[in-house]
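Printed here is data_39.pdb (PDB, C-alpha atoms):
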ATOM      1  CA  MET A   1     -14.654  15.679  -0.526
ATOM      2  CA  ARG A   2     -15.995  18.932  -1.832
ATOM      3  CA  GLY A   3     -19.345  20.742  -1.941
ATOM      4  CA  ARG A   4     -21.246  23.231   0.168
ATOM      5  CA  ILE A   5     -22.587  22.999   3.708
ATOM      6  CA  GLY A   6     -25.655  20.792   3.476
ATOM      7  CA  ARG A   7     -24.567  19.409   0.086
ATOM      8  CA  PRO A   8     -21.323  17.471   0.516
ATOM      9  CA  LYS A   9     -19.916  15.476  -2.402
ATOM     10  CA  ILE A  10     -17.834  12.307  -2.171
ATOM     11  CA  GLY A  11     -16.280  10.812  -5.285
ATOM     12  CA  ILE A  12     -13.339  11.329  -7.590
ATOM     13  CA  PHE A  13     -11.887  14.345  -9.339
ATOM     14  CA  ALA A  14     -13.030  15.011 -12.869
ATOM     15  CA  GLU A  15     -10.114  14.541 -15.241
ATOM     16  CA  GLY A  16      -7.657  17.444 -15.117
ATOM     17  CA  SER A  17      -9.439  19.246 -12.276
ATOM     18  CA  HIS A  18     -10.208  19.318  -8.569
ATOM     19  CA  ARG A  19     -13.946  19.223  -9.251
ATOM     20  CA  VAL A  20     -15.411  16.258  -7.399
ATOM     21  CA  VAL A  21     -17.858  14.052  -9.274
ATOM     22  CA  ASP A  22     -20.260  12.769  -6.642
ATOM     23  CA  ILE A  23     -20.538   8.960  -6.784
ATOM     24  CA  PRO A  24     -23.130   7.899  -4.183
ATOM     25  CA  THR A  25     -23.406   4.256  -5.290
ATOM     26  CA  CYS A  26     -20.164   3.172  -6.962
ATOM     27  CA  GLN A  27     -20.522  -0.340  -8.393
ATOM     28  CA  ILE A  28     -16.796  -1.155  -8.416
ATOM     29  CA  HIS A  29     -15.602  -0.937  -4.841
ATOM     30  CA  HIS A  30     -16.851  -2.747  -1.748
ATOM     31  CA  PRO A  31     -20.500  -1.983  -0.800
ATOM     32  CA  LEU A  32     -19.375  -1.016   2.718
ATOM     33  CA  ILE A  33     -17.541   1.972   1.249
ATOM     34  CA  ASN A  34     -20.813   3.261  -0.194
ATOM     35  CA  GLU A  35     -22.457   2.827   3.208
ATOM     36  CA  VAL A  36     -19.705   4.765   4.977
ATOM     37  CA  ALA A  37     -19.851   7.561   2.385
ATOM     38  CA  ARG A  38     -23.627   7.809   2.793
ATOM     39  CA  GLU A  39     -23.395   7.945   6.593
ATOM     40  CA  LEU A  40     -20.654  10.592   6.419
ATOM     41  CA  LYS A  41     -22.654  12.843   4.096
ATOM     42  CA  THR A  42     -25.739  12.521   6.299
ATOM     43  CA  ALA A  43     -23.755  13.240   9.463
ATOM     44  CA  MET A  44     -22.103  16.290   7.888
ATOM     45  CA  ARG A  45     -25.498  17.666   6.901
ATOM     46  CA  ASP A  46     -26.936  17.034  10.361
ATOM     47  CA  LEU A  47     -23.992  18.766  12.072
ATOM     48  CA  HIS A  48     -23.638  21.527   9.433
ATOM     49  CA  ILE A  49     -19.992  20.636   8.831
ATOM     50  CA  SER A  50     -18.225  22.069   5.800
ATOM     51  CA  SER A  51     -16.294  20.355   3.013
ATOM     52  CA  TYR A  52     -12.912  21.594   1.856
ATOM     53  CA  SER A  53     -12.621  24.303  -0.813
ATOM     54  CA  ASP A  54      -9.432  24.324  -2.921
ATOM     55  CA  SER A  55      -9.716  27.952  -3.966
ATOM     56  CA  ALA A  56     -10.356  29.346  -0.483
ATOM     57  CA  HIS A  57      -8.348  26.701   1.408
ATOM     58  CA  LEU A  58     -11.232  26.600   3.888
ATOM     59  CA  GLY A  59     -13.652  23.945   5.073
ATOM     60  CA  LEU A  60     -13.072  21.066   7.479
ATOM     61  CA  VAL A  61     -13.335  17.707   5.693
ATOM     62  CA  ARG A  62     -10.868  17.208   2.834
ATOM     63  CA  ALA A  63     -11.043  13.493   2.123
ATOM     64  CA  LEU A  64     -12.049  10.093   3.412
ATOM     65  CA  GLN A  65      -9.951   6.913   3.408
ATOM     66  CA  VAL A  66     -11.822   3.642   3.897
ATOM     67  CA  VAL A  67     -10.185   0.209   4.179
ATOM     68  CA  VAL A  68     -12.355  -2.898   4.466
ATOM     69  CA  GLN A  69     -11.084  -5.733   6.653
ATOM     70  CA  ARG A  70     -12.214  -8.868   4.870
ATOM     71  CA  SER A  71     -12.526 -11.179   7.875
ATOM     72  CA  SER A  72     -14.813  -8.900   9.908
ATOM     73  CA  ALA A  73     -16.575  -7.042   7.064
ATOM     74  CA  SER A  74     -15.841  -3.797   8.890
ATOM     75  CA  VAL A  75     -14.031  -0.618   7.904
ATOM     76  CA  GLN A  76     -10.984   1.306   9.034
ATOM     77  CA  LEU A  77     -12.004   4.942   8.569
ATOM     78  CA  VAL A  78      -9.623   7.876   8.280
ATOM     79  CA  LEU A  79     -11.138  11.369   8.189
ATOM     80  CA  ILE A  80      -8.678  13.784   6.578
ATOM     81  CA  CYS A  81      -9.279  17.320   7.806
ATOM     82  CA  ASN A  82      -8.045  20.833   7.077
ATOM     83  CA  GLU A  83      -7.071  21.312  10.718
ATOM     84  CA  ALA A  84      -3.919  20.934  12.808
ATOM     85  CA  ALA A  85      -5.778  19.284  15.725
ATOM     86  CA  PRO A  86      -8.701  16.837  15.932
ATOM     87  CA  ALA A  87     -11.055  18.840  18.180
ATOM     88  CA  ALA A  88     -13.241  20.295  15.404
ATOM     89  CA  ALA A  89     -13.864  16.855  13.899
ATOM     90  CA  ALA A  90     -14.606  15.083  17.200
ATOM     91  CA  PRO A  91     -18.431  15.495  17.060
ATOM     92  CA  LEU A  92     -18.504  14.185  13.490
ATOM     93  CA  LEU A  93     -16.364  11.152  14.309
ATOM     94  CA  GLN A  94     -18.470  10.393  17.387
ATOM     95  CA  LEU A  95     -21.711  10.535  15.391
ATOM     96  CA  LEU A  96     -20.224   8.372  12.635
ATOM     97  CA  GLY A  97     -19.175   5.783  15.210
ATOM     98  CA  GLU A  98     -22.701   5.649  16.626
ATOM     99  CA  ARG A  99     -24.327   5.274  13.221
ATOM    100  CA  LEU A 100     -21.888   2.767  11.755
ATOM    101  CA  GLY A 101     -21.939   0.521  14.811
ATOM    102  CA  ALA A 102     -20.461  -2.920  14.125
ATOM    103  CA  ARG A 103     -19.555  -1.853  10.590
ATOM    104  CA  LEU A 104     -16.780   0.322  12.057
ATOM    105  CA  HIS A 105     -13.498  -1.476  12.699
ATOM    106  CA  SER A 106     -11.590   1.643  13.758
ATOM    107  CA  ALA A 107     -11.531   5.400  13.271
ATOM    108  CA  PHE A 108      -8.672   7.854  12.896
ATOM    109  CA  TRP A 109      -8.365  11.593  12.384
ATOM    110  CA  ASN A 110      -5.683  12.874  10.019
ATOM    111  CA  GLY A 111      -4.637  16.495   9.691
ATOM    112  CA  ASN A 112      -3.547  18.021   6.390
ATOM    113  CA  THR A 113      -3.447  21.822   6.326
ATOM    114  CA  ASP A 114      -1.055  22.186   3.391
ATOM    115  CA  VAL A 115      -2.026  23.514  -0.026
ATOM    116  CA  THR A 116      -1.070  20.316  -1.806
ATOM    117  CA  ASN A 117      -2.296  17.405  -3.913
ATOM    118  CA  ARG A 118      -1.108  15.027  -1.214
ATOM    119  CA  ILE A 119      -4.080  13.266   0.389
ATOM    120  CA  LEU A 120      -2.808  12.257   3.828
ATOM    121  CA  GLY A 121      -1.005  14.534   6.247
ATOM    122  CA  ASP A 122       1.728  13.435   8.630
ATOM    123  CA  VAL A 123      -0.297  13.558  11.874
ATOM    124  CA  PHE A 124      -2.773  10.815  12.856
ATOM    125  CA  HIS A 125      -4.989  10.652  15.925
ATOM    126  CA  HIS A 126      -6.377   7.255  16.937
ATOM    127  CA  VAL A 127     -10.037   7.696  17.880
ATOM    128  CA  THR A 128     -11.344   4.163  18.413
ATOM    129  CA  GLY A 129     -10.840   0.503  17.560
ATOM    130  CA  PRO A 130      -7.724  -1.587  16.798
ATOM    131  CA  GLU A 131      -4.541   0.128  15.612
ATOM    132  CA  ALA A 132      -4.388  -1.796  12.336
ATOM    133  CA  VAL A 133      -6.463  -3.798   9.896
ATOM    134  CA  ILE A 134      -5.270  -7.421   9.797
ATOM    135  CA  GLU A 135      -5.309  -9.481   6.607
ATOM    136  CA  GLN A 136      -4.262 -13.091   6.060
ATOM    137  CA  ILE A 137      -1.932 -13.002   3.027
ATOM    138  CA  GLY A 138       0.484 -15.679   1.910
ATOM    139  CA  GLY A 139       0.094 -17.683   5.106
ATOM    140  CA  ALA A 140       0.886 -14.789   7.457
ATOM    141  CA  ARG A 141      -1.065 -12.097   9.251
ATOM    142  CA  VAL A 142      -0.293  -8.696   7.739
ATOM    143  CA  PHE A 143      -1.008  -5.514   9.709
ATOM    144  CA  PHE A 144      -2.050  -2.275   7.998
ATOM    145  CA  PRO A 145      -2.052   0.896  10.132
ATOM    146  CA  PRO A 146      -3.954   3.743   8.446
ATOM    147  CA  GLY A 147      -0.906   5.322   6.786
ATOM    148  CA  ALA A 148       0.610   2.066   5.509
ATOM    149  CA  PHE A 149       0.656   1.106   1.835
ATOM    150  CA  GLY A 150      -1.818  -1.605   0.870
ATOM    151  CA  GLN A 151      -2.688  -3.084  -2.495
ATOM    152  CA  ASN A 152      -6.109  -2.689  -4.040
ATOM    153  CA  ASN A 153      -8.169  -5.805  -4.888
ATOM    154  CA  LEU A 154      -6.710  -8.090  -2.215
ATOM    155  CA  ASP A 155      -8.420 -11.207  -3.562
ATOM    156  CA  LEU A 156      -6.414 -10.900  -6.782
ATOM    157  CA  PHE A 157      -3.318  -9.755  -4.903
ATOM    158  CA  ASP A 158      -3.501 -13.040  -2.966
ATOM    159  CA  ARG A 159      -2.983 -14.859  -6.268
ATOM    160  CA  MET A 160       0.031 -12.683  -7.113
ATOM    161  CA  VAL A 161       1.579 -13.475  -3.733
ATOM    162  CA  GLU A 162       0.950 -17.191  -4.311
ATOM    163  CA  SER A 163       2.863 -16.942  -7.602
ATOM    164  CA  ILE A 164       5.779 -15.159  -5.925
ATOM    165  CA  HIS A 165       5.936 -17.705  -3.114
ATOM    166  CA  ALA A 166       5.829 -20.567  -5.609
ATOM    167  CA  ALA A 167       8.910 -19.086  -7.309
ATOM    168  CA  VAL A 168      10.939 -19.000  -4.062
ATOM    169  CA  PRO A 169      12.178 -22.446  -2.946
ATOM    170  CA  ALA A 170      12.393 -23.221   0.757
ATOM    171  CA  GLY A 171      15.678 -22.570   2.554
ATOM    172  CA  ARG A 172      16.685 -19.571   0.417
ATOM    173  CA  HIS A 173      18.051 -16.180   1.388
ATOM    174  CA  VAL A 174      15.383 -13.569   0.543
ATOM    175  CA  VAL A 175      15.658  -9.787   0.288
ATOM    176  CA  GLU A 176      12.435  -7.776  -0.076
ATOM    177  CA  LEU A 177      12.875  -4.107  -1.030
ATOM    178  CA  TYR A 178      10.033  -1.553  -0.948
ATOM    179  CA  ALA A 179       8.361  -4.113   1.338
ATOM    180  CA  GLY A 180       5.533  -1.966   2.700
ATOM    181  CA  ALA A 181       3.903  -3.746   5.650
ATOM    182  CA  GLY A 182       5.366  -7.077   4.485
ATOM    183  CA  ALA A 183       2.380  -8.414   2.559
ATOM    184  CA  ILE A 184       4.645 -10.447   0.265
ATOM    185  CA  GLY A 185       7.589 -11.401   2.444
ATOM    186  CA  LEU A 186       6.060 -12.195   5.857
ATOM    187  CA  GLY A 187       4.736 -15.511   4.589
ATOM    188  CA  LEU A 188       8.236 -16.502   3.451
ATOM    189  CA  VAL A 189      10.010 -16.004   6.777
ATOM    190  CA  SER A 190       9.149 -19.359   8.359
ATOM    191  CA  ARG A 191      10.470 -21.374   5.403
ATOM    192  CA  SER A 192      13.450 -19.238   4.386
ATOM    193  CA  LEU A 193      17.057 -19.187   5.503
ATOM    194  CA  GLY A 194      16.455 -15.529   6.331
ATOM    195  CA  VAL A 195      14.510 -12.536   4.997
ATOM    196  CA  VAL A 196      15.817  -8.974   4.863
ATOM    197  CA  PHE A 197      13.003  -6.400   4.682
ATOM    198  CA  ASN A 198      13.469  -2.818   3.520
ATOM    199  CA  GLU A 199      10.919   0.007   3.715
ATOM    200  CA  ILE A 200      11.046   3.782   4.088
ATOM    201  CA  SER A 201       7.515   4.730   5.235
ATOM    202  CA  PRO A 202       7.145   5.000   9.042
ATOM    203  CA  ALA A 203       3.532   3.752   8.945
ATOM    204  CA  SER A 204       4.425   0.746   6.791
ATOM    205  CA  LEU A 205       7.424  -0.006   9.037
ATOM    206  CA  ALA A 206       5.100   0.047  12.054
ATOM    207  CA  GLY A 207       2.792  -2.448  10.342
ATOM    208  CA  LEU A 208       5.761  -4.598   9.319
ATOM    209  CA  GLU A 209       7.007  -4.738  12.903
ATOM    210  CA  LEU A 210       3.565  -5.874  14.095
ATOM    211  CA  GLY A 211       3.578  -8.610  11.466
ATOM    212  CA  LEU A 212       7.091  -9.752  12.361
ATOM    213  CA  ASN A 213       6.267  -9.899  16.069
ATOM    214  CA  ASP A 214       3.246 -12.032  15.205
ATOM    215  CA  LEU A 215       5.589 -14.692  13.752
ATOM    216  CA  GLY A 216       6.771 -15.795  17.193
ATOM    217  CA  HIS A 217      10.155 -17.548  17.247
ATOM    218  CA  HIS A 218      10.457 -17.217  13.451
ATOM    219  CA  ARG A 219      11.020 -13.486  14.053
ATOM    220  CA  SER A 220      14.713 -14.213  14.528
ATOM    221  CA  ARG A 221      15.030 -15.095  10.819
ATOM    222  CA  ALA A 222      14.073 -11.570   9.744
ATOM    223  CA  LEU A 223      16.061  -8.347   9.574
ATOM    224  CA  VAL A 224      14.608  -4.896   8.862
ATOM    225  CA  VAL A 225      16.668  -2.218   7.096
ATOM    226  CA  PRO A 226      14.673   1.044   7.266
ATOM    227  CA  GLY A 227      15.210   3.853   4.793
ATOM    228  CA  PRO A 228      15.786   4.077   1.025
ATOM    229  CA  ALA A 229      16.072   0.779  -0.833
ATOM    230  CA  THR A 230      19.702   1.496  -1.686
ATOM    231  CA  LEU A 231      20.613   1.057   2.005
ATOM    232  CA  ALA A 232      19.592  -2.596   1.813
ATOM    233  CA  ALA A 233      21.375  -3.316  -1.479
ATOM    234  CA  GLN A 234      24.433  -4.570   0.417
ATOM    235  CA  ALA A 235      22.294  -7.385   1.863
ATOM    236  CA  ILE A 236      21.872  -8.910  -1.620
ATOM    237  CA  ARG A 237      24.036 -11.977  -2.146
ATOM    238  CA  PRO A 238      24.743 -14.017  -5.305
ATOM    239  CA  ASP A 239      22.351 -16.717  -4.012
ATOM    240  CA  SER A 240      19.607 -14.255  -2.952
ATOM    241  CA  TYR A 241      16.055 -14.256  -4.171
ATOM    242  CA  VAL A 242      15.192 -10.552  -4.394
ATOM    243  CA  ILE A 243      11.623  -9.200  -4.381
ATOM    244  CA  VAL A 244      10.933  -5.566  -5.291
ATOM    245  CA  ASP A 245       7.691  -3.577  -5.431
ATOM    246  CA  PRO A 246       8.843  -0.020  -6.236
ATOM    247  CA  PRO A 247       6.704   3.080  -6.888
ATOM    248  CA  ARG A 248       5.709   4.070 -10.412
ATOM    249  CA  LYS A 249       9.108   5.619 -11.148
ATOM    250  CA  GLY A 250      10.703   2.175 -10.895
ATOM    251  CA  LEU A 251      13.882   1.124  -9.122
ATOM    252  CA  ASP A 252      16.121   3.760  -7.560
ATOM    253  CA  PRO A 253      19.129   4.367  -9.859
ATOM    254  CA  GLU A 254      21.651   3.319  -7.203
ATOM    255  CA  LEU A 255      19.784   0.065  -6.558
ATOM    256  CA  LEU A 256      19.488  -0.614 -10.276
ATOM    257  CA  ALA A 257      23.241  -0.135 -10.622
ATOM    258  CA  ALA A 258      23.902  -2.517  -7.709
ATOM    259  CA  LEU A 259      21.668  -5.202  -9.236
ATOM    260  CA  ARG A 260      23.419  -4.788 -12.554
ATOM    261  CA  GLN A 261      26.863  -5.053 -11.008
ATOM    262  CA  HIS A 262      26.013  -7.941  -8.651
ATOM    263  CA  PRO A 263      22.987  -9.797 -10.064
ATOM    264  CA  PRO A 264      21.203 -12.134  -7.601
ATOM    265  CA  GLU A 265      20.081 -15.640  -8.450
ATOM    266  CA  ARG A 266      16.530 -14.453  -9.086
ATOM    267  CA  LEU A 267      14.644 -11.149  -9.081
ATOM    268  CA  LEU A 268      10.854 -10.951  -8.727
ATOM    269  CA  TYR A 269       9.710  -7.475  -9.741
ATOM    270  CA  VAL A 270       6.190  -6.194  -9.013
ATOM    271  CA  SER A 271       5.630  -3.151 -11.225
ATOM    272  CA  CYS A 272       2.807  -0.618 -11.230
ATOM    273  CA  GLU A 273       4.156   1.192 -14.329
ATOM    274  CA  LEU A 274       4.998  -0.793 -17.455
ATOM    275  CA  SER A 275       7.259   1.870 -19.000
ATOM    276  CA  SER A 276       9.557   1.985 -15.953
ATOM    277  CA  LEU A 277       9.643  -1.818 -15.841
ATOM    278  CA  ILE A 278      10.708  -1.960 -19.506
ATOM    279  CA  ARG A 279      13.412   0.638 -18.869
ATOM    280  CA  ASP A 280      14.706  -1.198 -15.806
ATOM    281  CA  ALA A 281      14.585  -4.562 -17.609
ATOM    282  CA  GLU A 282      16.954  -3.267 -20.277
ATOM    283  CA  VAL A 283      19.488  -2.223 -17.635
ATOM    284  CA  LEU A 284      19.108  -5.503 -15.750
ATOM    285  CA  ARG A 285      19.610  -7.497 -18.948
ATOM    286  CA  ALA A 286      22.881  -5.684 -19.564
ATOM    287  CA  GLY A 287      23.971  -6.761 -16.084
ATOM    288  CA  GLY A 288      23.177 -10.429 -16.630
ATOM    289  CA  LEU A 289      19.538 -10.774 -15.504
ATOM    290  CA  LEU A 290      17.222 -12.408 -18.040
ATOM    291  CA  LEU A 291      13.510 -11.649 -18.061
ATOM    292  CA  GLU A 292      11.874 -15.088 -18.148
ATOM    293  CA  GLN A 293       8.210 -14.291 -17.607
ATOM    294  CA  ALA A 294       5.817 -11.373 -17.105
ATOM    295  CA  THR A 295       2.215 -11.698 -15.900
ATOM    296  CA  GLY A 296      -0.350  -8.910 -15.734
ATOM    297  CA  TYR A 297      -2.772  -8.524 -12.822
ATOM    298  CA  ASP A 298      -5.865  -6.339 -13.158
ATOM    299  CA  LEU A 299      -5.785  -4.964  -9.614
ATOM    300  CA  PHE A 300      -7.685  -1.832 -10.720
ATOM    301  CA  PRO A 301     -10.716  -3.111 -12.677
ATOM    302  CA  PHE A 302     -12.277  -0.866 -15.331
ATOM    303  CA  THR A 303      -9.124   1.256 -15.649
ATOM    304  CA  ASP A 304      -6.168   1.089 -18.028
ATOM    305  CA  HIS A 305      -3.834   0.423 -15.082
ATOM    306  CA  LEU A 306      -2.167  -2.984 -14.863
ATOM    307  CA  GLU A 307       0.204  -4.448 -12.264
ATOM    308  CA  THR A 308       2.923  -6.682 -13.699
ATOM    309  CA  LEU A 309       4.853  -9.459 -12.002
ATOM    310  CA  ALA A 310       8.147  -9.946 -13.847
ATOM    311  CA  SER A 311      10.510 -12.834 -13.099
ATOM    312  CA  PHE A 312      14.232 -12.468 -13.854
ATOM    313  CA  ARG A 313      16.997 -15.032 -13.432
ATOM    314  CA  ARG A 314      20.757 -14.651 -13.596
ATOM    315  CA  LEU A 315      22.225 -15.629 -16.956
ATOM    316  CA  ARG A 316      24.364 -18.746 -17.112
ATOM    317  CA  PRO A 317      27.953 -18.298 -18.357
ATOM    318  CA  ASP A 318      27.066 -19.885 -21.708
ATOM    319  CA  GLU A 319      24.235 -17.339 -22.167
ATOM    320  CA  ALA A 320      26.253 -14.226 -21.359
ATOM    321  CA  GLY A 321      27.096 -13.448 -24.960
ATOM    322  CA  ALA A 322      23.672 -14.352 -26.357
TER     323      ALA A 322
END
Would it be possible to restate this file's structure as structure tokens?
Amino acid sequence: MRGRIGRPKIGIFAEGSHRVVDIPTCQIHHPLINEVARELKTAMRDLHISSYSDSAHLGLVRALQVVVQRSSASVQLVLICNEAAPAAAAPLLQLLGERLGARLHSAFWNGNTDVTNRILGDVFHHVTGPEAVIEQIGGARVFFPPGAFGQNNLDLFDRMVESIHAAVPAGRHVVELYAGAGAIGLGLVSRSLGVVFNEISPASLAGLELGLNDLGHHRSRALVVPGPATLAAQAIRPDSYVIVDPPRKGLDPELLAALRQHPPERLLYVSCELSSLIRDAEVLRAGGLLLEQATGYDLFPFTDHLETLASFRRLRPDEAGA
């Protein structure tokens, strides 16, 4: 968010700048997001609340995060503010709650006072509503607190998860690294020998724990290894089915080395950066993992960004020299 008092702007940065291009009626994202943006701008004008200024590092409202819960057609709203405490934003959040009514699933304040390109700060304050958005993905309920990682375009992501699950036979040992809130692996727990989850983000770990507790007695089949993915590398066995969804930089070097030295039976790699996937694939091939298939998913329509699901299998002895 940027703009002057009485003229707030909500949109995206113009390329190579921090100048916000106001987009009042975006045709790509969910219509509820447009409604929330409109109500926020109106409420800010009515209360004479300021938007953030990069140059002066002043102004209250820096950004807005909106997540739509599909089942209820309501939104989880996070107001990111240039304040260390939520008091200044309380009147705005109260007015937004009144005007959004049933369209509001939950509201949170987030403080970010640093001069940074990072959107979310470390401190959240729960204002109203449930603690997490709940989505049904891959046969399990997945919980997303406001700071947890979630994929865009969940309808298409559902199809990616279906493909991953179809590639994992029942009764297997599964290791999911960079697991987030467990959107891929939670649905595998009930039919697997065991699932080891790894994640580093506290918010995603909190959502993962909610999802695991929701599994009832199947919870005993799951183990969580918090921290960097390399900490969970020792859980990978020769018969493991490994699922990874790393950030754009690709697999951590230590994990890549472990996979090369001790290749699992199968590796399912969700990549958000094709160049890092290609680089990692070359290293994995040298360690005995063969790339069998790669499928692109257009999770970010009308952009040049593509998610790729790559399936690797361990080479047979007769293929090692091929």
task = Taking the file above as input, evaluate the PyMOL selection byres ((chain A and resi 157-165) around 8) and report the hits as a ChimeraX atom specification.
result = /A:137-138,151-156,166-169,184,188,268,297,299,309
Could you build a table of the residues in range 167-266 of chain A lying no more than 12 Å from range 271-289 of chain A, giving for each the nearest pair of atoms and their separation in Å rounded to one decimal place, using all atoms listed in the file, ordered by chain and ascending residue number, as CSV?
residue,atom,partner,partner_atom,distance
A:Tyr178,CA,A:Ser271,CA,11.3
A:Pro238,CA,A:Leu289,CA,11.9
A:Val242,CA,A:Leu289,CA,11.9
A:Ile243,CA,A:Ser271,CA,10.9
A:Val244,CA,A:Ser271,CA,8.3
A:Asp245,CA,A:Ser271,CA,6.2
A:Pro246,CA,A:Ser271,CA,6.7
A:Pro247,CA,A:Cys272,CA,6.9
A:Arg248,CA,A:Glu273,CA,5.1
A:Lys249,CA,A:Ser276,CA,6.0
A:Gly250,CA,A:Ser276,CA,5.2
A:Leu251,CA,A:Asp280,CA,7.1
A:Asp252,CA,A:Asp280,CA,9.7
A:Pro253,CA,A:Asp280,CA,9.3
A:Glu254,CA,A:Asp280,CA,11.9
A:Leu255,CA,A:Asp280,CA,10.6
A:Leu256,CA,A:Asp280,CA,7.3
A:Ala257,CA,A:Val283,CA,8.2
A:Ala258,CA,A:Gly287,CA,9.4
A:Leu259,CA,A:Leu284,CA,7.0
A:Arg260,CA,A:Gly287,CA,4.1
A:Gln261,CA,A:Gly287,CA,6.1
A:His262,CA,A:Gly287,CA,7.8
A:Pro263,CA,A:Leu289,CA,6.5
A:Pro264,CA,A:Leu289,CA,8.2
A:Glu265,CA,A:Leu289,CA,8.6
A:Arg266,CA,A:Leu289,CA,8.0
task = Would you mind listing what lies within 8 Å of Pro145 in chain A as a ChimeraX atom specification, with all atoms listed in the file counted and same-chain residues fewer than 4 positions away left out?
result = /A:131-133,203-204,206-207
key: Separation of CA of Leu92 in chain A from CA of Gly150 in chain A, in Å and rounded to one decimal   = 26.2 Å
request  = One decimal, Å: what's the distance from CA of His18 in chain A over to CA of Ile119 in chain A, could you say?
outcome  = 12.4 Å
key: Exercise: range 20-32 of chain A partners within 8 Å, all atoms listed in the file, chain neighbours under 5 positions left out, as a PyMOL selection string   = chain A and resi 1-2+9-14+37-38+68+73-75+103+301
ask   = What's the 7 Å shell around range 81-84 of chain A, counting all atoms listed in the file, without same-chain residues fewer than 5 positions away, as a PyMOL selection string?
value = chain A and resi 59-62+110-113
task = Kindly indicate which residue among A:Ala88, A:Leu208, A:Leu120, A:Leu79 lies nearest to Ile134 in chain A, using only C-alpha atoms for the distances.
result =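 Between A:Ala88, A:Leu208, A:Leu120, A:Leu79, the residue approaching Ile134 in chain A most closely is A:Leu208.
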task = Could you jot down the CA of Val174 in chain A to CA of Ile236 in chain A separation for me, Å, one decimal place?
result =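 CA of Ile236 in chain A lies at a distance of 8.3 Å from CA of Val174 in chain A.
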request  = Name all residues at most 10 Å from Leu186 in chain A (count all atoms listed in the file; drop same-chain ones fewer than 2 positions away) and give them as number ranges by chain.
outcome  = A: 137-142, 176, 179, 181-184, 188-190, 195, 197, 208, 211-212, 214-215, 219, 222
With N, CA and C atoms as the goal, would you fill in the gaps in range 291-302 of chain A and present it as a compact mmCIF listing (two decimals), keeping the file's coordinate frame?
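File written: part_29.txt
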# COMPACT_ATOMS: atom_id res chain seq x y z
N LEU A 291 14.94 -11.64 -18.32
CA LEU A 291 13.51 -11.65 -18.06
C LEU A 291 12.91 -12.94 -18.62
N GLU A 292 12.43 -13.80 -17.73
CA GLU A 292 11.87 -15.09 -18.15
C GLU A 292 10.37 -15.04 -18.37
N GLN A 293 9.68 -14.27 -17.56
CA GLN A 293 8.21 -14.29 -17.61
C GLN A 293 7.65 -12.99 -17.05
N ALA A 294 6.53 -12.54 -17.61
CA ALA A 294 5.82 -11.37 -17.10
C ALA A 294 4.32 -11.67 -17.14
N THR A 295 3.65 -11.43 -16.02
CA THR A 295 2.22 -11.70 -15.90
C THR A 295 1.50 -10.44 -15.44
N GLY A 296 0.43 -10.08 -16.11
CA GLY A 296 -0.35 -8.91 -15.73
C GLY A 296 -1.46 -9.26 -14.76
N TYR A 297 -1.71 -8.36 -13.82
CA TYR A 297 -2.77 -8.52 -12.82
C TYR A 297 -3.64 -7.28 -12.84
N ASP A 298 -4.92 -7.46 -13.05
CA ASP A 298 -5.86 -6.34 -13.16
C ASP A 298 -6.35 -5.94 -11.77
N LEU A 299 -5.45 -5.35 -10.98
CA LEU A 299 -5.78 -4.96 -9.61
C LEU A 299 -6.69 -3.73 -9.56
N PHE A 300 -6.82 -3.02 -10.67
CA PHE A 300 -7.68 -1.83 -10.72
C PHE A 300 -8.69 -2.02 -11.85
N PRO A 301 -9.75 -2.81 -11.61
CA PRO A 301 -10.72 -3.11 -12.68
C PRO A 301 -11.33 -1.85 -13.29
N PHE A 302 -11.62 -1.94 -14.58
CA PHE A 302 -12.28 -0.87 -15.33
C PHE A 302 -11.40 0.37 -15.48
